[in-house]
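See structure below.
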Number of protein chains: 2
Amino acid sequence: MNINSSREIERKFLVKRLPPGLKRFRHFQIAQGYLASEPGGRHMRLRKKGKTASLTFKVGRGSAREEREIRLSAKQFATLWPATRGRRLRKTRYEIPWKNLKIEVDIYHGRNHGLMVAEVEFPSQASCRKFKPPRWFGREVTGEKRYSNVRLPRE
Amino acid sequence: MNINSSREIERKFLVKRLPPGLKRFRHFQIAQGYLASEPGGRHMRLRKKGKTASLTFKVGRGSAREEREIRLSAKQFATLWPATRGRRLRKTRYEIPWKNLKIEVDIYHGRNHGLMVAEVEFPSQASCRKFKPPRWFGREVTGEKRYSNVRLPRE
């Protein structure tokens with residue numbers, strides 16, 4: 001399988017309260033928009049994370065999920081970005097090391113202001129099952145469509 | 001509007017018989033696949049035309065049509081192409097100068113073998129209306145969904 005494609009093992013949680021000292025962790029402004037999304041979930045996402053532009057293809061959910069991503073030049077990004085008008089969202093992402101894992105905390109802006117979500121990616125099914133969420137995590141929302149970025153309100 | 005985006009004025013016809021000496025005109029092998037297509041027609045197309053790879057966003061039809069296209073590197077193309085499996089079509093395109101216009105003749109292969117379509121792009125609404133099709137053109141199919149590439153049988 002291509003180095004830029006992956007099948008991910010992830011769990012997703014709402015964030016009850018932000019952990020102390022959040023600001024000292026690495027973070028990025030993310031703006032993303034959806035170029036085309038099929039009713040079944042297959043879609044193309046355009047994203048700028050900090051200064052890095054990327055285009056991502058996603059299909060399926062759970063264990064059948066497939067992702068393919070390419071980096072875009074600033075010029076490639078600028079040509080496609082206007083096509084996402086009315087289908088965008090913005091968030092700040094914090095990357096928090098946690099034991100041997102990485103927690104990504106997304107704090108949404110604009111129409112999704114108030115929504116905070118934590119995502120954890122696991123190297124194996126075993127570590128996924130064994131994971132004990134830190135106390136600042138709220139309800140688990142893994143697989144819940146309404147918290148899928150592609151279905152959140154857009155602007 | 002960006003140089004890579006356009007609103008096109010086009011007419012499309014079936015081809016009754018191929019014009020004589022077709023082979024001497026510039027032609028390309030085209031392989032294209034659809035990454036994601038919405039029921040309303042909005043879609044992302046990945047294409048290799050000769051050795052040139054491109055990614056195209058399309059939305060709308062008729063005068064409300066919008067297109068945005070970027071060139072891709074061979075590596076970017078190779079990463080995304082597997083995502084179009086089962087959603088591809090192949091054709092040979094001939095580019096035929098005709099008066100001050102260019103006729104593109106697409107001869108389809110694979111599941112669409114036997115289908116031949118000619119497309120003419122016009123610089124203005126006036127030249128579009130005045131156009132008199134050459135005698136080897138068949139029925140006009142402008143705007144007919146079934147001849148839209150995104151709706152043809154795929155493989």
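Chain labels run A, B, ... following the order of the structure tokens; each chain numbers its residues from 1, and ligands are numbered from 1 in the order shown.
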Chain B residues near chain A (10 Å cut-off, only C-alpha atoms) as a ChimeraX atom specification: /B:1-5,35-39,41-44,55-59,66-73,75-83
Tyr147 of chain B surroundings by only C-alpha atoms, 10 Å radius, close-in-sequence under 6 positions cut, as a ChimeraX atom specification: /B:12-14,115,117,141
Test item: residues at most 6 Å from Val105 of chain A, only C-alpha atoms, excluding those fewer than 2 positions along its chain, as an mmCIF file with N, CA and C atoms, in the first residue's frame:
```cif
data_model
loop_
_atom_site.group_PDB
_atom_site.id
_atom_site.type_symbol
_atom_site.label_atom_id
_atom_site.label_comp_id
_atom_site.auth_asym_id
_atom_site.auth_seq_id
_atom_site.Cartn_x
_atom_site.Cartn_y
_atom_site.Cartn_z
ATOM 1 N N ARG A 93 -5.864 22.960 16.233
ATOM 2 C CA ARG A 93 -5.490 21.599 16.643
ATOM 3 C C ARG A 93 -4.277 21.620 17.562
ATOM 4 N N TYR A 94 -4.404 21.007 18.718
ATOM 5 C CA TYR A 94 -3.292 20.804 19.649
ATOM 6 C C TYR A 94 -2.850 19.354 19.580
ATOM 7 N N VAL A 117 -13.108 18.327 20.445
ATOM 8 C CA VAL A 117 -13.060 16.883 20.211
ATOM 9 C C VAL A 117 -11.622 16.391 20.326
ATOM 10 N N ALA A 118 -11.435 15.244 20.952
ATOM 11 C CA ALA A 118 -10.100 14.639 21.043
ATOM 12 C C ALA A 118 -10.084 13.338 20.251
#
```
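Minimum distance to Arg47 of chain A across A:Leu101, A:Ala31, A:Ile107, A:Leu22 (counting only C-alpha atoms) occurs at A:Ala31.
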Those in chain B with strand (DSSP E or B) from DSSP, as a ChimeraX atom specification: /B:5-6,10-15,26-37,43-49,52-59,66-72,88-98,101-108,116-121,137-140
Polymer residues at most 9 Å from Phe25 of chain B, only C-alpha atoms, same-chain spacing of 6 or more positions, as a PyMOL selection string: chain B and resi 94-97
Expected file: the selected residues, N, CA and C atoms, as a tab-separated table (two decimals), in the first residue's frame:
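out.tsv was written with the following content:
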```tsv
chain	number	residue	atom	x	y	z
B	94	TYR	N	-8.97	13.15	-30.25
B	94	TYR	CA	-8.38	13.82	-31.42
B	94	TYR	C	-8.74	15.29	-31.36
B	95	GLU	N	-7.77	16.14	-31.64
B	95	GLU	CA	-8.02	17.59	-31.65
B	95	GLU	C	-7.97	18.09	-33.08
B	96	ILE	N	-9.12	18.49	-33.58
B	96	ILE	CA	-9.26	18.82	-35.00
B	96	ILE	C	-9.56	20.30	-35.17
B	97	PRO	N	-8.64	21.03	-35.83
B	97	PRO	CA	-8.94	22.45	-36.10
B	97	PRO	C	-10.08	22.54	-37.12
```
Residue set, segment 16-150 of chain B restricted to alpha helix (DSSP H), as a VMD selection string: chain B and resid 74 to 80 125 to 130
Å distance separating atom CA of Ala74 of chain B from atom CA of Ala53 of chain B, one decimal place: 6.8 Å
